[in-house]
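Colleague: Pasting my_file-v8.pdb here (PDB, C-alpha atoms and all ligand atoms):
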ATOM      1  CA  MET A   1     138.540 118.972  85.637
ATOM      2  CA  ALA A   2     139.772 122.221  84.164
ATOM      3  CA  GLN A   3     140.957 122.702  80.611
ATOM      4  CA  THR A   4     142.425 125.548  78.562
ATOM      5  CA  MET A   5     140.452 126.727  75.513
ATOM      6  CA  ASP A   6     142.767 124.647  73.311
ATOM      7  CA  GLY A   7     142.324 121.440  75.258
ATOM      8  CA  HIS A   8     145.254 121.332  77.697
ATOM      9  CA  THR A   9     144.783 119.874  81.157
ATOM     10  CA  VAL A  10     148.452 119.428  82.018
ATOM     11  CA  GLN A  11     151.101 122.151  81.766
ATOM     12  CA  SER A  12     154.281 121.493  79.781
ATOM     13  CA  ASP A  13     156.136 121.001  83.095
ATOM     14  CA  GLY A  14     153.705 118.159  83.942
ATOM     15  CA  LYS A  15     151.912 120.134  86.656
ATOM     16  CA  TRP A  16     148.559 121.884  86.802
ATOM     17  CA  ALA A  17     148.248 125.181  88.633
ATOM     18  CA  LEU A  18     145.657 127.091  86.582
ATOM     19  CA  GLY A  19     142.285 127.951  88.082
ATOM     20  CA  SER A  20     141.002 130.999  89.925
ATOM     21  CA  LYS A  21     139.791 131.344  93.508
ATOM     22  CA  GLU A  22     136.286 130.815  92.136
ATOM     23  CA  ASP A  23     137.338 127.512  90.563
ATOM     24  CA  LYS A  24     138.854 126.413  93.884
ATOM     25  CA  ARG A  25     135.714 127.507  95.739
ATOM     26  CA  ARG A  26     133.645 125.280  93.450
ATOM     27  CA  MET A  27     136.066 122.386  93.931
ATOM     28  CA  ASP A  28     135.699 122.832  97.667
ATOM     29  CA  ARG A  29     131.929 122.669  97.346
ATOM     30  CA  LEU A  30     132.252 119.321  95.567
ATOM     31  CA  ARG A  31     134.728 118.071  98.151
ATOM     32  CA  LEU A  32     132.295 118.940 100.953
ATOM     33  CA  TRP A  33     129.630 116.948  99.110
ATOM     34  CA  ALA A  34     131.860 113.909  98.521
ATOM     35  CA  ASP A  35     132.336 110.871 100.770
ATOM     36  CA  CYS A  36     135.687 110.159  99.171
ATOM     37  CA  ILE A  37     137.977 111.740  96.611
ATOM     38  CA  ILE A  38     140.001 109.782  94.067
ATOM     39  CA  ALA A  39     143.319 111.065  92.699
ATOM     40  CA  SER A  40     146.273 109.517  90.917
ATOM     41  CA  ARG A  41     149.722 108.966  92.394
ATOM     42  CA  LYS A  42     151.007 111.043  89.489
ATOM     43  CA  SER A  43     148.908 114.078  90.519
ATOM     44  CA  ILE A  44     150.098 113.664  94.111
ATOM     45  CA  GLU A  45     153.719 113.620  92.907
ATOM     46  CA  ASN A  46     153.423 116.437  90.380
ATOM     47  CA  ASP A  47     151.092 118.868  92.149
ATOM     48  CA  ASN A  48     151.297 117.841  95.826
ATOM     49  CA  PRO A  49     147.662 118.925  96.231
ATOM     50  CA  ASN A  50     145.548 119.280  99.336
ATOM     51  CA  LEU A  51     142.569 116.966  98.887
ATOM     52  CA  PHE A  52     140.272 118.519 101.499
ATOM     53  CA  ALA A  53     137.830 121.437 101.359
ATOM     54  CA  ARG A  54     140.352 124.217 101.917
ATOM     55  CA  SER A  55     137.767 126.868 102.774
ATOM     56  CA  LYS A  56     136.233 124.699 105.531
ATOM     57  CA  PRO A  57     139.070 122.820 107.221
ATOM     58  CA  ASN A  58     136.890 121.996 110.238
ATOM     59  CA  ALA A  59     134.165 120.311 108.181
ATOM     60  CA  LYS A  60     133.974 116.536 107.643
ATOM     61  CA  GLN A  61     136.467 115.873 104.875
ATOM     62  CA  PRO A  62     136.318 113.247 102.099
ATOM     63  CA  VAL A  63     138.515 110.165 102.458
ATOM     64  CA  PRO A  64     141.474 110.422 100.034
ATOM     65  CA  VAL A  65     141.787 107.435  97.677
ATOM     66  CA  VAL A  66     145.054 107.346  95.731
ATOM     67  CA  ILE A  67     145.473 105.010  92.760
ATOM     68  CA  LEU A  68     148.757 103.744  91.371
ATOM     69  CA  LYS A  69     150.000 101.064  89.027
ATOM     70  CA  ASP A  70     153.164  99.750  90.642
ATOM     71  CA  LEU A  71     155.901 100.245  93.214
ATOM     72  CA  LYS A  72     158.390 101.858  90.855
ATOM     73  CA  ARG A  73     158.605 104.994  93.013
ATOM     74  CA  GLN A  74     157.869 105.673  96.668
ATOM     75  CA  ILE A  75     155.420 108.376  97.639
ATOM     76  CA  SER A  76     156.964 111.177  99.665
ATOM     77  CA  SER A  77     156.039 111.117 103.353
ATOM     78  CA  SER A  78     155.933 114.920 103.217
ATOM     79  CA  SER A  79     153.031 114.868 100.715
ATOM     80  CA  ARG A  80     150.208 117.115 101.850
ATOM     81  CA  ILE A  81     147.690 114.248 101.729
ATOM     82  CA  PHE A  82     149.268 112.886 104.952
ATOM     83  CA  SER A  83     148.630 116.007 106.986
ATOM     84  CA  ALA A  84     145.529 117.178 108.890
ATOM     85  CA  PRO A  85     142.689 117.703 108.259
ATOM     86  CA  HIS A  86     142.861 114.885 105.693
ATOM     87  CA  PRO A  87     141.402 111.722 107.175
ATOM     88  CA  ALA A  88     143.538 108.578 106.805
ATOM     89  CA  GLY A  89     143.036 107.384 103.248
ATOM     90  CA  GLU A  90     143.428 104.399 100.983
ATOM     91  CA  PHE A  91     146.022 103.403  98.415
ATOM     92  CA  TRP A  92     144.955 101.136  95.595
ATOM     93  CA  ILE A  93     147.724  99.389  93.705
ATOM     94  CA  PHE A  94     147.373  97.326  90.548
ATOM     95  CA  GLY A  95     148.210  93.606  90.748
ATOM     96  CA  LEU A  96     147.956  90.670  93.027
ATOM     97  CA  ASN A  97     149.466  91.613  96.361
ATOM     98  CA  ALA A  98     149.137  94.811  98.310
ATOM     99  CA  PRO A  99     152.512  95.916  99.765
ATOM    100  CA  GLN A 100     153.243  97.234 103.263
ATOM    101  CA  ILE A 101     152.914 100.958 103.806
ATOM    102  CA  ASP A 102     156.686 101.336 104.295
ATOM    103  CA  GLN A 103     157.292  99.958 100.810
ATOM    104  CA  LEU A 104     154.895 102.453  99.337
ATOM    105  CA  VAL A 105     155.750 105.604 101.303
ATOM    106  CA  ASP A 106     159.291 106.713 102.192
ATOM    107  CA  THR A 107     158.601 106.666 105.936
ATOM    108  CA  GLY A 108     162.281 105.885 106.514
ATOM    109  CA  THR A 109     163.119 109.539 105.921
ATOM    110  CA  LEU A 110     160.988 110.651 108.897
ATOM    111  CA  ASP A 111     162.905 111.110 112.136
ATOM    112  CA  LYS A 112     161.527 110.290 115.571
ATOM    113  CA  ASN A 113     160.406 113.907 116.111
ATOM    114  CA  GLN A 114     157.910 113.330 113.345
ATOM    115  CA  LYS A 115     156.103 110.529 115.182
ATOM    116  CA  GLN A 116     152.700 112.120 114.643
ATOM    117  CA  GLN A 117     153.264 112.133 110.873
ATOM    118  CA  THR A 118     154.461 108.503 110.981
ATOM    119  CA  ASP A 119     151.345 107.493 112.938
ATOM    120  CA  ARG A 120     149.081 109.249 110.468
ATOM    121  CA  ILE A 121     150.708 107.492 107.505
ATOM    122  CA  GLN A 122     150.491 104.079 109.212
ATOM    123  CA  LYS A 123     146.701 104.512 109.416
ATOM    124  CA  TRP A 124     146.390 104.494 105.611
ATOM    125  CA  LYS A 125     145.016 101.242 104.159
ATOM    126  CA  ILE A 126     146.431  99.504 101.092
ATOM    127  CA  TYR A 127     144.386  97.378  98.701
ATOM    128  CA  HIS A 128     145.037  95.873  95.313
ATOM    129  CA  TYR A 129     142.830  95.949  92.236
ATOM    130  CA  ASN A 130     142.687  94.347  88.818
ATOM    131  CA  ASN A 131     140.584  97.048  87.236
ATOM    132  CA  VAL A 132     139.098 100.270  88.554
ATOM    133  CA  LYS A 133     135.633  98.673  88.813
ATOM    134  CA  ASP A 134     137.063  96.718  91.796
ATOM    135  CA  ILE A 135     137.868 100.030  93.475
ATOM    136  CA  TYR A 136     134.446 101.483  92.752
ATOM    137  CA  ASP A 137     132.659  98.335  94.030
ATOM    138  CA  ALA A 138     134.698  98.323  97.253
ATOM    139  CA  LEU A 139     133.996 102.012  97.903
ATOM    140  CA  VAL A 140     130.262 101.460  97.372
ATOM    141  CA  GLU A 141     130.357  98.430  99.670
ATOM    142  CA  LYS A 142     131.854 100.653 102.391
ATOM    143  CA  GLY A 143     128.839 102.926 102.054
ATOM    144  CA  TYR A 144     130.456 105.669  99.983
ATOM    145  CA  ARG A 145     127.786 106.933  97.590
ATOM    146  CA  LYS A 146     129.266 110.251  96.542
ATOM    147  CA  ILE A 147     132.551 109.526  94.831
ATOM    148  CA  LEU A 148     134.549 112.424  93.419
ATOM    149  CA  LEU A 149     137.161 111.614  90.767
ATOM    150  CA  GLU A 150     139.743 114.397  90.407
ATOM    151  CA  GLY A 151     141.897 112.967  87.619
ATOM    152  CA  GLY A 152     144.280 113.295  85.865
ATOM    153  CA  PRO A 153     143.111 112.451  82.379
ATOM    154  CA  THR A 154     144.512 108.889  82.197
ATOM    155  CA  LEU A 155     142.879 107.892  85.462
ATOM    156  CA  ASN A 156     139.616 109.481  84.326
ATOM    157  CA  GLY A 157     139.914 107.392  81.142
ATOM    158  CA  LEU A 158     140.193 104.162  83.151
ATOM    159  CA  PHE A 159     136.930 105.013  84.945
ATOM    160  CA  LEU A 160     135.211 106.012  81.692
ATOM    161  CA  GLN A 161     136.160 102.653  80.146
ATOM    162  CA  TYR A 162     134.093 100.966  82.850
ATOM    163  CA  ASP A 163     131.254 103.456  82.445
ATOM    164  CA  LEU A 164     131.824 104.800  85.966
ATOM    165  CA  ILE A 165     131.384 108.492  85.222
ATOM    166  CA  ASP A 166     127.877 109.893  85.797
ATOM    167  CA  GLU A 167     128.550 113.604  85.845
ATOM    168  CA  ILE A 168     131.330 115.919  84.759
ATOM    169  CA  PHE A 169     132.200 119.285  86.283
ATOM    170  CA  PHE A 170     134.291 121.005  83.691
ATOM    171  CA  THR A 171     135.953 124.420  83.878
ATOM    172  CA  MET A 172     137.027 126.229  80.732
ATOM    173  CA  GLU A 173     140.147 128.247  81.532
ATOM    174  CA  PRO A 174     140.798 131.420  79.494
ATOM    175  CA  TYR A 175     144.223 130.411  78.190
ATOM    176  CA  LEU A 176     145.796 129.106  75.001
ATOM    177  CA  TRP A 177     148.917 126.988  74.919
ATOM    178  CA  ALA A 178     148.820 125.460  71.447
ATOM    179  CA  GLY A 179     151.460 122.855  70.553
ATOM    180  CA  GLU A 180     150.645 119.767  68.497
ATOM    181  CA  LYS A 181     149.351 117.500  71.247
ATOM    182  CA  THR A 182     146.651 118.158  73.800
ATOM    183  CA  ASP A 183     145.848 116.035  76.844
ATOM    184  CA  ARG A 184     142.118 116.789  77.385
ATOM    185  CA  ILE A 185     140.079 115.997  80.489
ATOM    186  CA  ILE A 186     139.808 112.290  79.659
ATOM    187  CA  THR A 187     142.216 110.177  77.630
ATOM    188  CA  THR A 188     142.236 106.480  76.696
ATOM    189  CA  PRO A 189     144.596 104.571  74.374
ATOM    190  CA  GLU A 190     141.754 103.960  71.879
ATOM    191  CA  THR A 191     138.550 105.889  71.288
ATOM    192  CA  LEU A 192     135.461 104.492  73.048
ATOM    193  CA  PRO A 193     131.863 104.184  71.867
ATOM    194  CA  LEU A 194     130.302 107.633  71.786
ATOM    195  CA  LYS A 195     128.602 108.711  75.027
ATOM    196  CA  LYS A 196     126.200 111.598  75.123
ATOM    197  CA  PHE A 197     125.927 114.031  78.026
ATOM    198  CA  ARG A 198     123.245 116.559  78.928
ATOM    199  CA  LEU A 199     124.287 120.063  79.913
ATOM    200  CA  LEU A 200     122.721 120.664  83.341
ATOM    201  CA  THR A 201     124.216 124.071  84.124
ATOM    202  CA  VAL A 202     126.603 126.574  82.613
ATOM    203  CA  GLU A 203     127.816 129.606  84.544
ATOM    204  CA  ARG A 204     130.267 132.336  83.694
ATOM    205  CA  ARG A 205     132.374 134.084  86.338
ATOM    206  CA  LYS A 206     134.745 136.682  84.902
ATOM    207  CA  ASP A 207     136.760 134.846  82.231
ATOM    208  CA  GLU A 208     136.028 131.286  83.337
ATOM    209  CA  VAL A 209     133.050 129.146  82.351
ATOM    210  CA  PHE A 210     131.792 126.313  84.553
ATOM    211  CA  PHE A 211     129.890 123.448  82.957
ATOM    212  CA  ARG A 212     128.058 120.598  84.633
ATOM    213  CA  TYR A 213     127.155 117.652  82.412
ATOM    214  CA  LYS A 214     125.200 114.489  83.226
ATOM    215  CA  LYS A 215     125.459 111.254  81.283
ATOM    216  CA  ILE A 216     122.326 110.331  79.351
ATOM    217  CA  LYS A 217     121.479 106.747  80.317
TER
HETATM  218  N1  LIG A 301     143.432 120.080  84.625
HETATM  219  C1  LIG A 301     142.995 119.474  85.690
HETATM  220  O1  LIG A 301     141.904 119.775  86.200
HETATM  221  C2  LIG A 301     143.823 118.385  86.309
HETATM  222  C3  LIG A 301     143.288 117.606  87.333
HETATM  223  C4  LIG A 301     144.077 116.590  87.870
HETATM  224  C5  LIG A 301     145.356 116.377  87.393
HETATM  225  N2  LIG A 301     145.828 117.164  86.402
HETATM  226  C6  LIG A 301     147.176 116.944  85.858
HETATM  227  O2  LIG A 301     147.216 115.662  85.234
HETATM  228  C7  LIG A 301     148.552 115.202  85.292
HETATM  229  C8  LIG A 301     148.675 113.743  85.112
HETATM  230  O3  LIG A 301     147.832 113.289  84.067
HETATM  231  P1  LIG A 301     148.127 111.905  83.315
HETATM  232  O4  LIG A 301     147.014 111.671  82.367
HETATM  233  O5  LIG A 301     149.515 111.957  82.805
HETATM  234  O6  LIG A 301     148.120 110.862  84.456
HETATM  235  P2  LIG A 301     147.034 110.561  85.582
HETATM  236  O7  LIG A 301     145.708 110.331  85.006
HETATM  237  O8  LIG A 301     147.127 111.512  86.692
HETATM  238  O9  LIG A 301     147.773 109.299  86.115
HETATM  239  C9  LIG A 301     147.691 108.042  85.739
HETATM  240  C10 LIG A 301     147.816 107.403  87.075
HETATM  241  O10 LIG A 301     147.010 106.294  87.132
HETATM  242  C11 LIG A 301     147.790 105.216  87.614
HETATM  243  N3  LIG A 301     147.337 104.022  86.981
HETATM  244  C12 LIG A 301     146.789 103.001  87.606
HETATM  245  N4  LIG A 301     146.461 102.033  86.760
HETATM  246  C13 LIG A 301     146.818 102.451  85.542
HETATM  247  C14 LIG A 301     146.727 101.887  84.248
HETATM  248  N5  LIG A 301     146.194 100.687  84.037
HETATM  249  N6  LIG A 301     147.187 102.619  83.208
HETATM  250  C15 LIG A 301     147.708 103.851  83.412
HETATM  251  N7  LIG A 301     147.816 104.423  84.632
HETATM  252  C16 LIG A 301     147.367 103.727  85.682
HETATM  253  C17 LIG A 301     149.245 105.543  87.326
HETATM  254  O11 LIG A 301     150.007 104.924  88.316
HETATM  255  P3  LIG A 301     151.615 104.987  88.373
HETATM  256  O12 LIG A 301     151.938 106.294  88.998
HETATM  257  O13 LIG A 301     151.989 103.836  89.233
HETATM  258  O14 LIG A 301     152.095 104.863  86.939
HETATM  259  C18 LIG A 301     149.251 107.055  87.436
HETATM  260  O15 LIG A 301     149.503 107.503  88.740
HETATM  261  C19 LIG A 301     149.019 115.647  86.664
HETATM  262  O16 LIG A 301     150.383 115.875  86.654
HETATM  263  C20 LIG A 301     148.222 116.906  86.963
HETATM  264  O17 LIG A 301     149.022 118.045  86.904
HETATM  265  C21 LIG A 301     145.090 118.156  85.847
END
In C-alpha cells, how does this file's structure come out?
Ligand SMILES: NC(=O)c1ccc[n+]([C@@H]2O[C@H](COP(=O)([O-])OP(=O)(O)OC[C@H]3O[C@@H](n4cnc5c(N)ncnc54)[C@H](OP(=O)(O)O)[C@@H]3O)[C@@H](O)[C@H]2O)c1

Modeller:
Amino acid sequence: MAQTMDGHTVQSDGKWALGSKEDKRRMDRLRLWADCIIASRKSIENDNPNLFARSKPNAKQPVPVVILKDLKRQISSSSRIFSAPHPAGEFWIFGLNAPQIDQLVDTGTLDKNQKQQTDRIQKWKIYHYNNVKDIYDALVEKGYRKILLEGGPTLNGLFLQYDLIDEIFFTMEPYLWAGEKTDRIITTPETLPLKKFRLLTVERRKDEVFFRYKKIK
C-alpha cells in the first residue's frame, strides 16, 4: 500500500494513480513472489488495474482473487483482470449463495467476435464467504502459502480484524493533499486492539521511502 505524507491512500476522484516506476517495480517483485493476489471489486472498478507482474509478463502469474459484498453492480467484462497473462481467477461474494458468472460480469455486452474473452471469463470460479477468514482458509487449503493483499483500505481492515496480516509493504509518497479526512492504508469502523510491528527494512529511492514491517507475534 502507498500513502501520501498526510495519510491519503485514495485520491479525491476515488482512484489511485500515484507511485513511481520504482514503486511499480517493487510491486511486481511481490507479485512474482505471490501465489495469489487479493483485490477489492471497488479497486477493479475505480482503477482497472493489471494484477500481474507487468515487467515479466511471461513469468508464472499470481491467481487474481476479487472480493465483493453483493451483486449491486456488474463487473465490466472489459476489465483488465480478464485479459492475458492473468490466470483465471476467483470471485468471493458475501452471503449464502454464489451467483453464476453471467450475473456477476456483464458478459452480455460481449459480441461473438470476442469469444476468447468470453471463454476466459467463464473459467473464473465464484465462491461465497461469511467472513474473510473463510477466504483465507480456502486459499491455504488450495496450497496457496504466499498471499498478497493489495487493498484498498476497507478490505485490508477486514483482514486485519481477523489478524490475517503478517507483513506490510508500505510506500510513503512525497505528496500532500490535506483536507479534513484521510483514508490511510487500513481502515475499520472501530479501532482495534493495538498491534505492534517490527521495521524489517527501510529504503529511500529519490523522493519515495519503502518500508517493510512484520507483525510481532
Ligand atoms: N494507495 C494504495 O496503495 C491503494 C491500493 C489499493 C486501492 N487503493 C484505492 O482504494 C480505493 C478503495 O478503497 P475503499 O477503502 O473505499 O474500499 P476497498 O477496501 O477497496 O473496498 C471495499 C471492498 O470490499 C468489499 N467488501 C466485501 N465485504 C465487505 C464488508 N463486509 N464491508 C465492506 N466492504 C466489503 C466491497 O464490496 P462491494 O464492492 O460489493 O461493496 C468493496 O469492493 C480504490 O478506489 C483504490 O483507488 C489504493

Colleague: Using all atoms listed in the file, which residues have at least one atom no more than 8 Å from ligand LIG 301 (chain A)? Output them as a PyMOL selection string.

Modeller: chain A and resi 1-3+8-11+14-18+39-47+67-73+93-94+131-132+150-158+171+183+185-187

Colleague: Output C-alpha atoms for every residue in the selection just made, as a PDB file, keeping the file's coordinate frame.

Modeller:
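Result written to again_15.pdb:
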ATOM      1  CA  MET A   1     138.540 118.972  85.637  1.00  0.00           C
ATOM      2  CA  ALA A   2     139.772 122.221  84.164  1.00  0.00           C
ATOM      3  CA  GLN A   3     140.957 122.702  80.611  1.00  0.00           C
ATOM      4  CA  HIS A   8     145.254 121.332  77.697  1.00  0.00           C
ATOM      5  CA  THR A   9     144.783 119.874  81.157  1.00  0.00           C
ATOM      6  CA  VAL A  10     148.452 119.428  82.018  1.00  0.00           C
ATOM      7  CA  GLN A  11     151.101 122.151  81.766  1.00  0.00           C
ATOM      8  CA  GLY A  14     153.705 118.159  83.942  1.00  0.00           C
ATOM      9  CA  LYS A  15     151.912 120.134  86.656  1.00  0.00           C
ATOM     10  CA  TRP A  16     148.559 121.884  86.802  1.00  0.00           C
ATOM     11  CA  ALA A  17     148.248 125.181  88.633  1.00  0.00           C
ATOM     12  CA  LEU A  18     145.657 127.091  86.582  1.00  0.00           C
ATOM     13  CA  ALA A  39     143.319 111.065  92.699  1.00  0.00           C
ATOM     14  CA  SER A  40     146.273 109.517  90.917  1.00  0.00           C
ATOM     15  CA  ARG A  41     149.722 108.966  92.394  1.00  0.00           C
ATOM     16  CA  LYS A  42     151.007 111.043  89.489  1.00  0.00           C
ATOM     17  CA  SER A  43     148.908 114.078  90.519  1.00  0.00           C
ATOM     18  CA  ILE A  44     150.098 113.664  94.111  1.00  0.00           C
ATOM     19  CA  GLU A  45     153.719 113.620  92.907  1.00  0.00           C
ATOM     20  CA  ASN A  46     153.423 116.437  90.380  1.00  0.00           C
ATOM     21  CA  ASP A  47     151.092 118.868  92.149  1.00  0.00           C
ATOM     22  CA  ILE A  67     145.473 105.010  92.760  1.00  0.00           C
ATOM     23  CA  LEU A  68     148.757 103.744  91.371  1.00  0.00           C
ATOM     24  CA  LYS A  69     150.000 101.064  89.027  1.00  0.00           C
ATOM     25  CA  ASP A  70     153.164  99.750  90.642  1.00  0.00           C
ATOM     26  CA  LEU A  71     155.901 100.245  93.214  1.00  0.00           C
ATOM     27  CA  LYS A  72     158.390 101.858  90.855  1.00  0.00           C
ATOM     28  CA  ARG A  73     158.605 104.994  93.013  1.00  0.00           C
ATOM     29  CA  ILE A  93     147.724  99.389  93.705  1.00  0.00           C
ATOM     30  CA  PHE A  94     147.373  97.326  90.548  1.00  0.00           C
ATOM     31  CA  ASN A 131     140.584  97.048  87.236  1.00  0.00           C
ATOM     32  CA  VAL A 132     139.098 100.270  88.554  1.00  0.00           C
ATOM     33  CA  GLU A 150     139.743 114.397  90.407  1.00  0.00           C
ATOM     34  CA  GLY A 151     141.897 112.967  87.619  1.00  0.00           C
ATOM     35  CA  GLY A 152     144.280 113.295  85.865  1.00  0.00           C
ATOM     36  CA  PRO A 153     143.111 112.451  82.379  1.00  0.00           C
ATOM     37  CA  THR A 154     144.512 108.889  82.197  1.00  0.00           C
ATOM     38  CA  LEU A 155     142.879 107.892  85.462  1.00  0.00           C
ATOM     39  CA  ASN A 156     139.616 109.481  84.326  1.00  0.00           C
ATOM     40  CA  GLY A 157     139.914 107.392  81.142  1.00  0.00           C
ATOM     41  CA  LEU A 158     140.193 104.162  83.151  1.00  0.00           C
ATOM     42  CA  THR A 171     135.953 124.420  83.878  1.00  0.00           C
ATOM     43  CA  ASP A 183     145.848 116.035  76.844  1.00  0.00           C
ATOM     44  CA  ILE A 185     140.079 115.997  80.489  1.00  0.00           C
ATOM     45  CA  ILE A 186     139.808 112.290  79.659  1.00  0.00           C
ATOM     46  CA  THR A 187     142.216 110.177  77.630  1.00  0.00           C
TER      47      THR A 187
END

Colleague: If you measure from CA of Asn48 (chain A) to CA of Asp106 (chain A), what distance in Å do you get, rounded to one decimal?

Modeller: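 Separation of CA of Asn48 (chain A) and CA of Asp106 (chain A): 15.1 Å.
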
Colleague: Here's the selection I'm unsure about, the PyMOL selection byres (((chain A and resi 205) around 12) and not hetatm); applied to the file above, which residues does it give, as a ChimeraX atom specification?

Modeller: /A:19-23,25-26,171-174,202-204,206-211

Colleague: Determine, counting all atoms listed in the file, which protein, DNA and RNA residues have an atom within 9 Å of an atom of Tyr175 (chain A); residues of the same chain fewer than 5 positions away are not included. Present the result as a list in words.

Modeller: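 After dropping sequence-adjacent residues, the list is Gln3, Thr4, Met5 and Asp6 of chain A.
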
Colleague: Determine the nearest neighbour of Asp119 (chain A) from the options A:Ala59, A:Leu149, A:Tyr162, A:Ala88, counting all atoms listed in the file.

Modeller: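 Closest to Asp119 (chain A) of all the choices is A:Ala88.
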
Colleague: Just to confirm, what's the straight-line distance from CA of His128 (chain A) to CA of Pro99 (chain A) in Å (one decimal)?

Modeller: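 According to the coordinates, CA of His128 (chain A) and CA of Pro99 (chain A) are separated by 8.7 Å.
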
Colleague: Might you spell out which residues the PyMOL selection byres (((chain A and resi 199) around 7) and not hetatm) would select in the displayed file, as a VMD selection string?

Modeller: chain A and resid 197 to 198 200 to 201 212 to 214

Colleague: Please compute the CA of Val66 (chain A)-CA of Pro189 (chain A) distance, one decimal, in Å.

Modeller: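 Atom-to-atom, CA of Val66 (chain A) to CA of Pro189 (chain A), that is 21.5 Å.
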
Colleague: Given the choices A:Lys112, A:Lys125, A:Arg184, A:Arg54, which gets closest to His86 (chain A) if the distance is worked out from all atoms listed in the file?

Modeller: A:Arg54

Colleague: Would you mind listing what lies within 12 Å of Gly108 (chain A) as a VMD selection string, with only C-alpha atoms counted and same-chain residues fewer than 3 positions away left out?

Modeller: chain A and resid 74 to 78 101 to 105 111 to 112 114 to 115 117 to 118 121

Colleague: Can those selected residues be exported to a file as a PDB file, keeping the file's coordinate frame so that it contains C-alpha atoms?

Modeller:
ATOM      1  CA  GLN A  74     157.869 105.673  96.668  1.00  0.00           C
ATOM      2  CA  ILE A  75     155.420 108.376  97.639  1.00  0.00           C
ATOM      3  CA  SER A  76     156.964 111.177  99.665  1.00  0.00           C
ATOM      4  CA  SER A  77     156.039 111.117 103.353  1.00  0.00           C
ATOM      5  CA  SER A  78     155.933 114.920 103.217  1.00  0.00           C
ATOM      6  CA  ILE A 101     152.914 100.958 103.806  1.00  0.00           C
ATOM      7  CA  ASP A 102     156.686 101.336 104.295  1.00  0.00           C
ATOM      8  CA  GLN A 103     157.292  99.958 100.810  1.00  0.00           C
ATOM      9  CA  LEU A 104     154.895 102.453  99.337  1.00  0.00           C
ATOM     10  CA  VAL A 105     155.750 105.604 101.303  1.00  0.00           C
ATOM     11  CA  ASP A 111     162.905 111.110 112.136  1.00  0.00           C
ATOM     12  CA  LYS A 112     161.527 110.290 115.571  1.00  0.00           C
ATOM     13  CA  GLN A 114     157.910 113.330 113.345  1.00  0.00           C
ATOM     14  CA  LYS A 115     156.103 110.529 115.182  1.00  0.00           C
ATOM     15  CA  GLN A 117     153.264 112.133 110.873  1.00  0.00           C
ATOM     16  CA  THR A 118     154.461 108.503 110.981  1.00  0.00           C
ATOM     17  CA  ILE A 121     150.708 107.492 107.505  1.00  0.00           C
TER      18      ILE A 121
END

Colleague: Report the centre and edge lengths, in Å to one decimal, of an axis-aligned box enclosing every atom of region 173-177 of chain A listed in the file, padded by 3 Å on each side, as lines of an AutoDock Vina configuration file.

Modeller:
center_x = 144.5
center_y = 129.2
center_z = 78.2
size_x = 14.8
size_y = 10.4
size_z = 12.6

Colleague: Env of Pro49 (chain A): 9 Å cut, atoms = all atoms listed in the file, seq-sep filter 6 positions within chain, self excluded. Answer as a ChimeraX atom specification.

Modeller: /A:43,79-81

Colleague: May I have the residues within 12 Å of Leu32 (chain A) as a list in words, using only C-alpha atoms and disregarding those fewer than 2 positions away in the same chain?

Modeller: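 Listed by chain and then number, they are Arg25, Arg26, Met27, Asp28, Arg29, Leu30, Ala34, Asp35, Cys36, Ile37, Leu51, Phe52, Ala53, Arg54, Ser55, Lys56, Pro57, Asn58, Ala59, Lys60, Gln61, Pro62, Val63, Lys146, Ile147 and Leu148 of chain A.
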
Colleague: Residues within 7 Å of Ile126 (chain A), please, as a VMD selection string. Count all atoms listed in the file; anything in the same chain fewer than 5 positions from it doesn't count.

Modeller: chain A and resid 90 to 92 98

Colleague: Which of these, A:Trp33, A:Val65, A:Gln161, A:Glu190, has the shortest distance to Ile135 (chain A) once you count only C-alpha atoms?

Modeller: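 Closest to Ile135 (chain A), using only C-alpha atoms: A:Val65.
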
Colleague: For Gly7 (chain A), which residue among A:Arg31, A:Arg120, A:Lys181, A:Lys217 is the nearest when counting only C-alpha atoms?

Modeller: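 Of A:Arg31, A:Arg120, A:Lys181, A:Lys217, the one nearest Gly7 (chain A), counting only C-alpha atoms, is A:Lys181.
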